[in-house]
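Note sheet for the following structure.
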Amino acid sequence: MSYFPYKLTKELRQQLEKFGLKKNEAEQLIKVELLLLGINNLDPSVPLEEMWSLLIGYDEPVIRKYTDKKLLMRLRLFFPEFRHGGFWLESLASYFQLDGKYRLFIEEEGKVRQISPQLAINRSKVYSQCFSEPIEKQARKKEFGQSGEFSYQRFIDTIPHTYTGTIPETGKVYPELKKHTNRKKVNCSFSLQDGWDELANEMESKSKGFDYVKRAERIEFQSLHPSTKSTFIYEETQHIAGGLSAGKSTWMVMETYHQVTKNGAKVGFIENSVSQVRERVRELRALGIHAVPIIGKGGRQKHTEQFLASHADSSRDISQFLEEEFQGLQWLSDSCTLKALANDFTRDNYYPCQSIIQNDQKVLCPLAHTCGIYQEWTNLAQADVWIATTASLIESKLPAVVDPLERTVFQAMYDWLDIVFVDEADAVQKQLDERFIVEVEAFGNMQSFLEQLLLKERQTTIGKYSEFANDKLVQKWRLNLGELDKTVWQLFAKVQHTPMLRKSLDQELLFPNRFAYKIAKKLAADETTREKIEKRLRKFAGNPSGDKQLTHHLQQMLSSELRNDASIRAVLLLLVEDADKVSSETKDMLEFFLYFAYMDYNFKFLLSYYPAVQSRLGTGYDSLQLLTRAKEYRPFLLEAMTGPLLGYRYEQAEDGGLGVFKLIEYSGIGRRLLYDWHSIYESAFGRKGPSVVLLSGTSLAPGSDHYNVEMQPQWLIRSQLPQSEIMQSYIPMFDRETHQKICISGQGEQKRQENLRKITRYLENRLLSELNMLKKEGRRILLVVNSYVDAQAVADTLEGMSSMRENYRVLKREGSGMRKEFSRSQIELFRRETEQILIVPLMSVGRGFNILDENGGALFGSVFFLVRPYPVPNDFSYMIQTLHAALPSILERIERKNLRYAKAIKELRRQSMIQFEMMYKKADFWASLRAKEREALSWFIFIPVWQMIGRLLRGGRNARIFYCDGSFHQPAANVPSLLEYWKKKMKKHRKDEIFMAMYGPFVKSIDTILEEEREDEN
């Protein structure tokens, strides 16, 4: 979607063409002049060559405090291509090379001065209109198809296929989503003095089995600020804290019912999973609320299989699907009515809703109300409540058959809804950051990014010499694409013929600078020489043409059909004195680096210049996943702190053969969408967004880079029930032969699995004793590990114990039907099983699952953490979120230095890259971390552990917690262990009312955690 005012400037462009400019020259002149005029109106002190820096999303301190934000946002909307400094400078140079008679500006000592143009003298008036006319997304002018014959064409494995069918008479007209420009937001509030008794009784009379009266009695809603003591007003973004099981979900549902039925509000929910979306819809519909699930197109087959595994009874016939509990199955359908009518039975993510042909015209599908994907979406205009996951919120676009403006769900919620509840806001913050870290297959098959880009370019430009032969931008683009294609072939050849290199690359996070660092370490022992080599290699990676010697040898290698030994030797002699002492392994790494760095440079060029090229060629983003997501939000999003950053990952084939390269793009700070949602489009379109309410049981985590919600809580929800009590014990195991403490986390894979099995065997007596104690309460045991591989290792060990083999189950993503496996999608129904022990990975069932017994209390009474959790090595997402948490402090340093514009952005990128590179250069062992890094990591481990413990506290139940991995408590000189760090942290906040409301049971039990030091060996 382009916001540039092409209609307003069309006549001016045509005038300039009549005076002798080419179409692309005229368009570029208009764009450059509009930006020059806009920036000069904003702030005349901005240097000419630094104007691009105002377009990439950062306000203060990059810009001056009182800059006109409305005009600035308009410029960001108009000129996405000028965010790239190199392209802006090239465009400026081209502009000033034009004959002066065409130009509105002249350059004088790095500044521009406006003059009276000799040609098209009315352009100032046109430009004024561009800055004053309202900006609106324009609806596509497409008609709906009618009953009768239709056809569409699609490519399958690059081969075109045409399908035909007949649309039946429907007579159905469904309401479209309108712009809602004039719809006023409903003012919503509730008084804390009114109580919930009457409302809870009304709700309970309408629904079955939800027990609102009892649930409402337990909730205490408290203001944390005296000025708002009696009334909660829905406005802007607010943070409500509340411990696990405090009643946050009950409060959200009751308030939704209240605001919808009493005030006519439209409400949204953001949930963590598709299953939670289904449950929320089911509960609200039981109350008579018109709630609509918004589930994206991707993964529906997987969600359907999970639903059936959880609900279907294989002993019953098909009639069971008519029962109410199967209603949610229709929300997961990926069936397409048009494809069925055309006998197109290929099950994939292609849907022809906007591609059907009738009477030689493209028309929209008129059958969305019968479509498996969009049937529910056709009800959005009339719905009271919209319910989405984080993924569908950001990535799903409403199709033209539902929304003529084709907004993303995030944008549509902004326009239509009055209130949005964000459940598990700390997790949503993390997920939003991850939404703008996109990983796709880089190259290697027809569906990968490079191949799709090559195909799209050829389809667009092939044979169109008269149109594009003199277009310098398009020619540069095509040349660059050719260089990239050539380099990738050579890189693949190198990897294919070098097994040791393949093995060393597998699953590594790859960056040119990281390779430069590794190669320099191998080539030089002394620090001075190492730094010199690394500096040269890094400089080459940043701009290959800047190092003519290295580039000369690289081009020889790219064009040679022979081995490149001589060229690599020549390169080595540029870096070290004695090339003969360099190992063959290092030579292979150096050759790979040259290809890899050149490939990365060309990929960055493609992504930076694509908005401008797309504008010239008229190509879309839809088939280019890497470019699509950020494009929808780019004018409103803070660009990546490092500048657009590409990473790569090589995944070796299971048979050891040639694998695939993944491309990872970090494009922006996703968490800002959460905090700015209530007003993010106001500067651009003059409309306020919904009131956003953030809730979570773990959103207050001071010192956490990943989970702490940066807004302080203004309200607190607590349960009137007494807080649960937990008993925590550290029970390390000692090897019965060596008498050494057994550690699992931090070990190599073979040793890790060996120790995990050993700990499981040593726990036999403890588990039997615990089961005997829990028997009185009818409760069970969770064994928690880090992965499904770990879970299987524990299961295999229990299977070898006669006392255990009939009394455990092991969680799997999808149940395979094997006797001991249990499907993750059925986890909340585990009470029906007879086994007393369930083995689960930590992240599989922690957040959002209610695993209850027949009385509504927590089913599990004890949990054994067999493995200390730890971030996955080379976790790009972990690094980027750590970087995002540092943004405020980096901006403060920039402000103290009084830097502005490009200098501020370059300093931001420099400091961010330093921090980022420190994370992947430095060993991430607990003992080697700095205090701040250890604080952040301790929270990163604690929050999922506490969320898992929370599963045992439902209904006010108590719980017993055991930490078994020796790595939980490994004190080093002047470095506390993880458990000691948790203990210190909890004591620090013991007097904090909010902290105690959220983590009270853990804080109160932490003092005794290290008292039991040794598990019985016999």
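Within each chain, counting starts at residue 1; across the structure tokens, chains are named A, B, ... in the order shown, with ligands numbered 1 upward in that order.
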
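Omitting range 539-550 of chain A and its sequence neighbours fewer than 5 positions away, and counting only C-alpha atoms, the residues within 7 Å are Pro512, Val571, Ala597, Tyr598 and Tyr601 of chain A.
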
Mind the document's chain letters and residue numbers, and return as a PyMOL selection string the residues of range 267-473 of chain A that DSSP labels alpha helix (DSSP H). chain A and resi 274-286+300-311+337-341+390-395+409-416+425-435+449-461+465-468+472-473

Just the selected residues (C-alpha atoms), exported as an mmCIF file, in the first residue's frame, please.
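Output (part_39.cif):
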data_model
loop_
_atom_site.group_PDB
_atom_site.id
_atom_site.type_symbol
_atom_site.label_atom_id
_atom_site.label_comp_id
_atom_site.auth_asym_id
_atom_site.auth_seq_id
_atom_site.Cartn_x
_atom_site.Cartn_y
_atom_site.Cartn_z
ATOM 1 C CA VAL A 274 -5.577 -20.619 18.919
ATOM 2 C CA SER A 275 -6.987 -22.926 21.580
ATOM 3 C CA GLN A 276 -7.356 -19.957 23.950
ATOM 4 C CA VAL A 277 -9.117 -17.995 21.185
ATOM 5 C CA ARG A 278 -11.602 -20.858 20.821
ATOM 6 C CA GLU A 279 -12.255 -21.047 24.552
ATOM 7 C CA ARG A 280 -12.768 -17.289 24.849
ATOM 8 C CA VAL A 281 -15.264 -17.309 21.960
ATOM 9 C CA ARG A 282 -17.120 -20.238 23.483
ATOM 10 C CA GLU A 283 -17.438 -18.527 26.869
ATOM 11 C CA LEU A 284 -18.594 -15.189 25.430
ATOM 12 C CA ARG A 285 -21.108 -16.770 23.066
ATOM 13 C CA ALA A 286 -22.582 -18.658 26.008
ATOM 14 C CA ARG A 300 -5.093 -24.445 10.064
ATOM 15 C CA GLN A 301 -4.534 -28.092 9.198
ATOM 16 C CA LYS A 302 -2.296 -28.446 12.277
ATOM 17 C CA HIS A 303 -4.850 -26.678 14.502
ATOM 18 C CA THR A 304 -7.621 -28.944 13.169
ATOM 19 C CA GLU A 305 -5.598 -32.072 13.950
ATOM 20 C CA GLN A 306 -4.947 -30.775 17.477
ATOM 21 C CA PHE A 307 -8.642 -30.030 17.985
ATOM 22 C CA LEU A 308 -9.691 -33.507 16.834
ATOM 23 C CA ALA A 309 -7.037 -35.146 19.011
ATOM 24 C CA SER A 310 -8.402 -33.228 21.985
ATOM 25 C CA HIS A 311 -12.138 -33.684 21.350
ATOM 26 C CA THR A 337 -15.598 -23.008 -1.775
ATOM 27 C CA LEU A 338 -14.197 -21.637 -5.041
ATOM 28 C CA LYS A 339 -11.476 -24.275 -5.194
ATOM 29 C CA ALA A 340 -14.051 -26.979 -4.558
ATOM 30 C CA LEU A 341 -16.296 -25.640 -7.345
ATOM 31 C CA THR A 390 -0.625 -12.105 18.380
ATOM 32 C CA ALA A 391 0.327 -13.764 15.083
ATOM 33 C CA SER A 392 -3.022 -13.096 13.384
ATOM 34 C CA LEU A 393 -3.096 -9.563 14.849
ATOM 35 C CA ILE A 394 0.094 -8.566 13.040
ATOM 36 C CA GLU A 395 0.293 -10.869 10.035
ATOM 37 C CA VAL A 409 -6.199 -6.992 11.932
ATOM 38 C CA PHE A 410 -4.136 -4.582 14.057
ATOM 39 C CA GLN A 411 -5.207 -1.627 11.882
ATOM 40 C CA ALA A 412 -8.855 -2.712 11.745
ATOM 41 C CA MET A 413 -8.989 -3.096 15.535
ATOM 42 C CA TYR A 414 -7.566 0.418 15.855
ATOM 43 C CA ASP A 415 -10.378 1.827 13.711
ATOM 44 C CA TRP A 416 -13.312 -0.263 14.977
ATOM 45 C CA ALA A 425 0.839 -8.891 28.055
ATOM 46 C CA ASP A 426 4.447 -9.767 28.922
ATOM 47 C CA ALA A 427 4.321 -12.727 26.543
ATOM 48 C CA VAL A 428 2.596 -10.616 23.877
ATOM 49 C CA GLN A 429 5.370 -8.007 24.166
ATOM 50 C CA LYS A 430 7.918 -10.758 23.531
ATOM 51 C CA GLN A 431 5.878 -12.165 20.637
ATOM 52 C CA LEU A 432 5.526 -8.737 19.005
ATOM 53 C CA ASP A 433 9.297 -8.320 19.012
ATOM 54 C CA GLU A 434 9.559 -11.776 17.419
ATOM 55 C CA ARG A 435 7.010 -10.871 14.715
ATOM 56 C CA PHE A 449 13.227 -16.042 -1.108
ATOM 57 C CA LEU A 450 15.914 -15.539 -3.760
ATOM 58 C CA GLU A 451 14.241 -17.805 -6.300
ATOM 59 C CA GLN A 452 10.912 -16.025 -5.815
ATOM 60 C CA LEU A 453 12.644 -12.673 -6.216
ATOM 61 C CA LEU A 454 14.362 -13.796 -9.435
ATOM 62 C CA LEU A 455 11.098 -15.165 -10.811
ATOM 63 C CA LYS A 456 9.191 -11.977 -9.981
ATOM 64 C CA GLU A 457 11.880 -9.740 -11.529
ATOM 65 C CA ARG A 458 11.950 -11.749 -14.747
ATOM 66 C CA GLN A 459 8.178 -11.825 -15.041
ATOM 67 C CA THR A 460 8.103 -8.039 -14.616
ATOM 68 C CA THR A 461 10.986 -6.908 -16.822
ATOM 69 C CA TYR A 465 13.544 -2.871 -22.976
ATOM 70 C CA SER A 466 11.876 0.366 -24.078
ATOM 71 C CA GLU A 467 10.307 0.750 -20.635
ATOM 72 C CA PHE A 468 13.283 -0.036 -18.408
ATOM 73 C CA LYS A 472 19.226 3.508 -13.899
ATOM 74 C CA LEU A 473 17.564 2.266 -10.729
#

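DSSP annotation of range 820-915 of chain A from backbone atoms: strand (DSSP E or B) residues are Glu821, Phe822, Ser823, Ile837, Leu838, Ile839, Val840, Pro841, Leu852, Ala858, Phe860, Gly861, Ser862, Val863, Phe864 and Phe865 of chain A.
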
Selected residues written out with N, CA, C and O atoms, as a compact mmCIF listing (two decimals), in the first residue's frame:
# COMPACT_ATOMS: atom_id res chain seq x y z
N GLU A 821 2.32 -42.04 25.14
CA GLU A 821 2.34 -40.65 24.70
C GLU A 821 1.01 -39.97 24.99
O GLU A 821 -0.05 -40.60 24.96
N PHE A 822 1.09 -38.68 25.27
CA PHE A 822 -0.13 -37.91 25.56
C PHE A 822 -0.07 -36.62 24.78
O PHE A 822 0.94 -35.90 24.81
N SER A 823 -1.14 -36.30 24.06
CA SER A 823 -1.15 -35.14 23.18
C SER A 823 -1.22 -33.84 23.98
O SER A 823 -2.00 -33.72 24.93
N ILE A 837 1.91 -39.66 36.83
CA ILE A 837 3.08 -38.84 36.49
C ILE A 837 2.98 -38.41 35.03
O ILE A 837 2.70 -39.23 34.15
N LEU A 838 3.24 -37.13 34.78
CA LEU A 838 3.26 -36.61 33.42
C LEU A 838 4.59 -35.89 33.19
O LEU A 838 4.98 -35.04 33.98
N ILE A 839 5.27 -36.26 32.09
CA ILE A 839 6.55 -35.64 31.73
C ILE A 839 6.27 -34.58 30.67
O ILE A 839 5.66 -34.87 29.64
N VAL A 840 6.72 -33.32 30.92
CA VAL A 840 6.42 -32.23 30.00
C VAL A 840 7.64 -31.34 29.78
O VAL A 840 8.42 -31.13 30.72
N PRO A 841 7.82 -30.79 28.58
CA PRO A 841 8.80 -29.70 28.39
C PRO A 841 8.27 -28.43 29.04
O PRO A 841 7.06 -28.18 29.05
N LEU A 852 -6.96 -29.03 35.67
CA LEU A 852 -7.73 -29.09 36.90
C LEU A 852 -8.29 -30.49 37.15
O LEU A 852 -8.41 -31.31 36.24
N ALA A 858 -6.18 -27.40 41.16
CA ALA A 858 -5.03 -27.87 40.38
C ALA A 858 -4.88 -29.39 40.53
O ALA A 858 -4.89 -29.92 41.63
N PHE A 860 -2.20 -31.24 39.58
CA PHE A 860 -0.85 -31.62 39.98
C PHE A 860 -0.48 -30.94 41.29
O PHE A 860 -0.75 -29.75 41.49
N GLY A 861 0.15 -31.71 42.18
CA GLY A 861 0.52 -31.17 43.49
C GLY A 861 2.01 -31.00 43.68
O GLY A 861 2.43 -30.25 44.57
N SER A 862 2.82 -31.69 42.87
CA SER A 862 4.27 -31.60 42.99
C SER A 862 4.89 -31.49 41.61
O SER A 862 4.39 -32.10 40.65
N VAL A 863 5.97 -30.71 41.52
CA VAL A 863 6.68 -30.58 40.25
C VAL A 863 8.17 -30.74 40.51
O VAL A 863 8.72 -30.17 41.45
N PHE A 864 8.81 -31.55 39.67
CA PHE A 864 10.24 -31.76 39.72
C PHE A 864 10.87 -31.13 38.48
O PHE A 864 10.60 -31.58 37.36
N PHE A 865 11.68 -30.10 38.67
CA PHE A 865 12.42 -29.50 37.56
C PHE A 865 13.72 -30.27 37.40
O PHE A 865 14.68 -30.08 38.16

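Minimum distance to Ser704 in chain A across A:Lys494, A:Lys921, A:Lys932, A:Lys65 (counting only C-alpha atoms) occurs at A:Lys932.
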
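The spacing separating CA of Leu558 in chain A from CA of Thr487 in chain A amounts to 6.7 Å.
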
| task | Name the residues in contact with Ile905 in chain A at a cut-off of 8 Å, using only C-alpha atoms, excluding same-chain residues fewer than 5 positions from it; report them as a PyMOL selection string. | result | chain A and resi 53+62+900

Same residues, all heavy atoms, output as a tab-separated table (two decimals), in the first residue's frame:
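That gives us result26.tsv:
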chain	number	residue	atom	x	y	z
A	53	SER	N	17.34	10.53	7.88
A	53	SER	CA	17.33	10.03	9.27
A	53	SER	C	16.04	10.36	10.00
A	53	SER	O	15.74	9.76	11.04
A	53	SER	CB	18.52	10.58	10.04
A	53	SER	OG	18.47	12.00	10.12
A	62	VAL	N	16.43	12.20	18.45
A	62	VAL	CA	16.92	12.29	17.07
A	62	VAL	C	16.44	13.59	16.43
A	62	VAL	O	17.17	14.25	15.70
A	62	VAL	CB	16.46	11.07	16.24
A	62	VAL	CG1	16.88	11.21	14.78
A	62	VAL	CG2	17.04	9.78	16.84
A	900	ARG	N	22.00	14.91	16.93
A	900	ARG	CA	20.72	15.00	16.23
A	900	ARG	C	20.84	14.33	14.86
A	900	ARG	O	21.93	14.12	14.33
A	900	ARG	CB	20.32	16.47	16.01
A	900	ARG	CG	19.98	17.24	17.25
A	900	ARG	CD	18.52	17.04	17.68
A	900	ARG	NE	18.18	17.91	18.78
A	900	ARG	CZ	18.34	17.60	20.06
A	900	ARG	NH1	18.85	16.43	20.39
A	900	ARG	NH2	18.00	18.45	21.02

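Within 8 Å of Asp418 in chain A, once only C-alpha atoms are used and residues closer than 6 positions along the same chain are dropped, the contacting residues are Lys185, Val186, Asn187, Ala265, Lys266, Val267, Gly689, Pro690 and Ser691 of chain A.
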
Exercise: Trp489 in chain A partners within 10 Å, only C-alpha atoms, chain neighbours under 2 positions left out, as a list in words: Phe443, Gly444, Leu484, Asp485, Lys486, Thr487, Leu491, Phe492, Ala493, Lys494, Leu558 and Tyr595 of chain A

Just the selected residues (N, CA and C atoms), exported as a PDB file, in the first residue's frame, please.
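The new file part06.pdb reads:
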ATOM      1  N   PHE A 443      17.640 -19.476  -0.039  1.00  0.00           N
ATOM      2  CA  PHE A 443      17.810 -19.930  -1.418  1.00  0.00           C
ATOM      3  C   PHE A 443      17.974 -21.445  -1.414  1.00  0.00           C
ATOM      4  N   GLY A 444      17.721 -22.055  -2.539  1.00  0.00           N
ATOM      5  CA  GLY A 444      17.936 -23.492  -2.639  1.00  0.00           C
ATOM      6  C   GLY A 444      16.774 -24.272  -3.211  1.00  0.00           C
ATOM      7  N   LEU A 484      24.103 -11.377  -6.999  1.00  0.00           N
ATOM      8  CA  LEU A 484      23.670 -12.205  -5.875  1.00  0.00           C
ATOM      9  C   LEU A 484      23.468 -13.654  -6.323  1.00  0.00           C
ATOM     10  N   ASP A 485      22.809 -13.832  -7.449  1.00  0.00           N
ATOM     11  CA  ASP A 485      22.554 -15.176  -7.979  1.00  0.00           C
ATOM     12  C   ASP A 485      23.872 -15.915  -8.223  1.00  0.00           C
ATOM     13  N   LYS A 486      24.824 -15.230  -8.845  1.00  0.00           N
ATOM     14  CA  LYS A 486      26.127 -15.828  -9.150  1.00  0.00           C
ATOM     15  C   LYS A 486      26.865 -16.211  -7.868  1.00  0.00           C
ATOM     16  N   THR A 487      26.831 -15.341  -6.870  1.00  0.00           N
ATOM     17  CA  THR A 487      27.542 -15.594  -5.621  1.00  0.00           C
ATOM     18  C   THR A 487      26.945 -16.781  -4.870  1.00  0.00           C
ATOM     19  N   LEU A 491      28.799 -20.084  -3.516  1.00  0.00           N
ATOM     20  CA  LEU A 491      28.768 -20.391  -2.086  1.00  0.00           C
ATOM     21  C   LEU A 491      28.264 -21.810  -1.853  1.00  0.00           C
ATOM     22  N   PHE A 492      27.212 -22.189  -2.565  1.00  0.00           N
ATOM     23  CA  PHE A 492      26.669 -23.540  -2.424  1.00  0.00           C
ATOM     24  C   PHE A 492      27.697 -24.581  -2.868  1.00  0.00           C
ATOM     25  N   ALA A 493      28.403 -24.274  -3.940  1.00  0.00           N
ATOM     26  CA  ALA A 493      29.421 -25.215  -4.422  1.00  0.00           C
ATOM     27  C   ALA A 493      30.494 -25.428  -3.357  1.00  0.00           C
ATOM     28  N   LYS A 494      30.913 -24.350  -2.696  1.00  0.00           N
ATOM     29  CA  LYS A 494      31.929 -24.453  -1.655  1.00  0.00           C
ATOM     30  C   LYS A 494      31.434 -25.312  -0.498  1.00  0.00           C
ATOM     31  N   LEU A 558      34.781 -15.884  -8.437  1.00  0.00           N
ATOM     32  CA  LEU A 558      33.404 -16.037  -8.911  1.00  0.00           C
ATOM     33  C   LEU A 558      33.339 -16.417 -10.386  1.00  0.00           C
ATOM     34  N   TYR A 595      32.590 -15.162  -0.146  1.00  0.00           N
ATOM     35  CA  TYR A 595      31.301 -15.343  -0.833  1.00  0.00           C
ATOM     36  C   TYR A 595      30.154 -14.854   0.055  1.00  0.00           C
TER      37      TYR A 595
END

Quick one: everything within 12 Å of Leu572 in chain A, counting only C-alpha atoms, minus sequence neighbours fewer than 3 positions away in the same chain. Send it as a PyMOL selection string.
-> chain A and resi 519-520+523-524+533+537+549-550+553+565-569+575-584+586-591+594

Could you list, as a ChimeraX atom specification, every residue within 12 Å of Arg779 in chain A, counting only C-alpha atoms and ignoring same-chain residues fewer than 2 positions away?
/A:770-777,781-782,830-831,834-838,851-855,857-863,952-953,957-960

Could you write out the selected residues, including N, CA and C atoms, as a compact mmCIF listing (two decimals), in the first residue's frame?
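Produced file result.txt, reproduced below:
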# COMPACT_ATOMS: atom_id res chain seq x y z
N GLU A 770 6.55 -39.37 47.15
CA GLU A 770 5.71 -38.21 46.82
C GLU A 770 4.33 -38.64 46.35
N LEU A 771 4.29 -39.70 45.54
CA LEU A 771 3.01 -40.21 45.06
C LEU A 771 2.15 -40.69 46.22
N ASN A 772 2.76 -41.32 47.18
CA ASN A 772 2.03 -41.83 48.34
C ASN A 772 1.44 -40.68 49.15
N MET A 773 2.21 -39.59 49.29
CA MET A 773 1.72 -38.43 50.03
C MET A 773 0.58 -37.73 49.28
N LEU A 774 0.72 -37.60 47.95
CA LEU A 774 -0.29 -36.90 47.15
C LEU A 774 -1.58 -37.69 47.00
N LYS A 775 -1.49 -38.99 47.24
CA LYS A 775 -2.66 -39.87 47.05
C LYS A 775 -3.84 -39.42 47.90
N LYS A 776 -3.53 -38.89 49.08
CA LYS A 776 -4.60 -38.44 49.97
C LYS A 776 -5.41 -37.31 49.36
N GLU A 777 -4.73 -36.46 48.56
CA GLU A 777 -5.41 -35.31 47.95
C GLU A 777 -5.91 -35.62 46.54
N ILE A 781 1.96 -35.80 39.83
CA ILE A 781 3.31 -35.25 39.74
C ILE A 781 3.62 -34.83 38.31
N LEU A 782 4.26 -33.66 38.18
CA LEU A 782 4.83 -33.21 36.90
C LEU A 782 6.34 -33.36 36.95
N PHE A 830 -6.25 -34.23 31.38
CA PHE A 830 -5.42 -35.31 31.92
C PHE A 830 -6.06 -35.98 33.14
N ARG A 831 -7.00 -35.30 33.77
CA ARG A 831 -7.67 -35.89 34.94
C ARG A 831 -8.38 -37.20 34.59
N THR A 834 -5.46 -42.47 34.13
CA THR A 834 -5.18 -43.13 35.41
C THR A 834 -3.75 -42.91 35.87
N GLU A 835 -2.83 -42.59 34.95
CA GLU A 835 -1.42 -42.42 35.32
C GLU A 835 -1.25 -41.21 36.24
N GLN A 836 -0.25 -41.32 37.14
CA GLN A 836 -0.04 -40.29 38.16
C GLN A 836 1.11 -39.35 37.85
N ILE A 837 1.91 -39.66 36.83
CA ILE A 837 3.08 -38.84 36.49
C ILE A 837 2.98 -38.41 35.03
N LEU A 838 3.24 -37.13 34.78
CA LEU A 838 3.26 -36.61 33.42
C LEU A 838 4.59 -35.89 33.19
N ILE A 851 -4.99 -26.98 34.22
CA ILE A 851 -5.04 -28.44 34.31
C ILE A 851 -5.65 -28.77 35.66
N LEU A 852 -6.96 -29.03 35.67
CA LEU A 852 -7.73 -29.09 36.90
C LEU A 852 -8.29 -30.49 37.15
N ASP A 853 -8.66 -30.71 38.42
CA ASP A 853 -9.34 -31.96 38.76
C ASP A 853 -10.85 -31.75 38.68
N GLU A 854 -11.62 -32.75 39.09
CA GLU A 854 -13.07 -32.67 38.98
C GLU A 854 -13.68 -31.56 39.83
N ASN A 855 -12.94 -31.09 40.85
CA ASN A 855 -13.45 -30.06 41.76
C ASN A 855 -12.99 -28.66 41.39
N GLY A 857 -9.84 -27.62 41.16
CA GLY A 857 -8.54 -27.27 41.72
C GLY A 857 -7.41 -27.85 40.89
N ALA A 858 -6.18 -27.40 41.16
CA ALA A 858 -5.03 -27.87 40.38
C ALA A 858 -4.88 -29.39 40.53
N LEU A 859 -4.73 -30.07 39.40
CA LEU A 859 -4.60 -31.54 39.40
C LEU A 859 -3.24 -31.97 39.93
N PHE A 860 -2.20 -31.24 39.58
CA PHE A 860 -0.85 -31.62 39.98
C PHE A 860 -0.48 -30.94 41.29
N GLY A 861 0.15 -31.71 42.18
CA GLY A 861 0.52 -31.17 43.49
C GLY A 861 2.01 -31.00 43.68
N SER A 862 2.82 -31.69 42.87
CA SER A 862 4.27 -31.60 42.99
C SER A 862 4.89 -31.49 41.61
N VAL A 863 5.97 -30.71 41.52
CA VAL A 863 6.68 -30.58 40.25
C VAL A 863 8.17 -30.74 40.51
N LEU A 952 0.05 -25.34 39.37
CA LEU A 952 -0.20 -26.16 40.56
C LEU A 952 -0.96 -25.40 41.65
N LEU A 953 -1.20 -24.09 41.41
CA LEU A 953 -1.82 -23.26 42.45
C LEU A 953 -3.27 -22.92 42.16
N ARG A 957 -4.84 -24.00 45.66
CA ARG A 957 -4.14 -25.19 46.13
C ARG A 957 -2.69 -24.86 46.51
N ASN A 958 -2.10 -25.70 47.35
CA ASN A 958 -0.70 -25.59 47.71
C ASN A 958 0.12 -26.51 46.81
N ALA A 959 1.46 -26.38 46.85
CA ALA A 959 2.29 -27.17 45.95
C ALA A 959 3.67 -27.40 46.55
N ARG A 960 4.32 -28.44 46.04
CA ARG A 960 5.69 -28.79 46.43
C ARG A 960 6.58 -28.74 45.19

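Going from CA of Asp334 in chain A to CA of Lys397 in chain A covers 15.9 Å.
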
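Minimum distance to Glu754 in chain A across A:Gly778, A:Ser967, A:Val794, A:Gln614 (counting only C-alpha atoms) occurs at A:Val794.
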
Counting only C-alpha atoms, closest pick from A:Gln97, A:Ser2, A:Ser889, A:Ser223 relative to Phe78 in chain A is A:Ser2

What are the closest atom pairs, with distances in Å to one decimal, for all residues of range 886-990 of chain A lying within 10 Å of range 246-257 of chain A? Consider only C-alpha atoms, order rows by chain and residue number, and present the result as CSV.
residue,atom,partner,partner_atom,distance
A:Arg954,CA,A:Ala246,CA,9.3
A:Gly955,CA,A:Ala246,CA,9.6
A:Gly956,CA,A:Ala246,CA,9.4

Judged by only C-alpha atoms, the minimum distance to Leu77 in chain A among A:Lys631, A:Ser729, A:Gln555, A:Leu48 is found for A:Lys631

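With only C-alpha atoms as the atoms that count, the residue of A:Gln490, A:Gln911, A:Ser333, A:Gln728 with the shortest distance to Ser559 in chain A is A:Gln490.
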
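Proximity ranking of A:Asn874, A:Ser679, A:Thr882, A:Ser1005 relative to Glu235 in chain A places A:Ser679 first, based on only C-alpha atoms.
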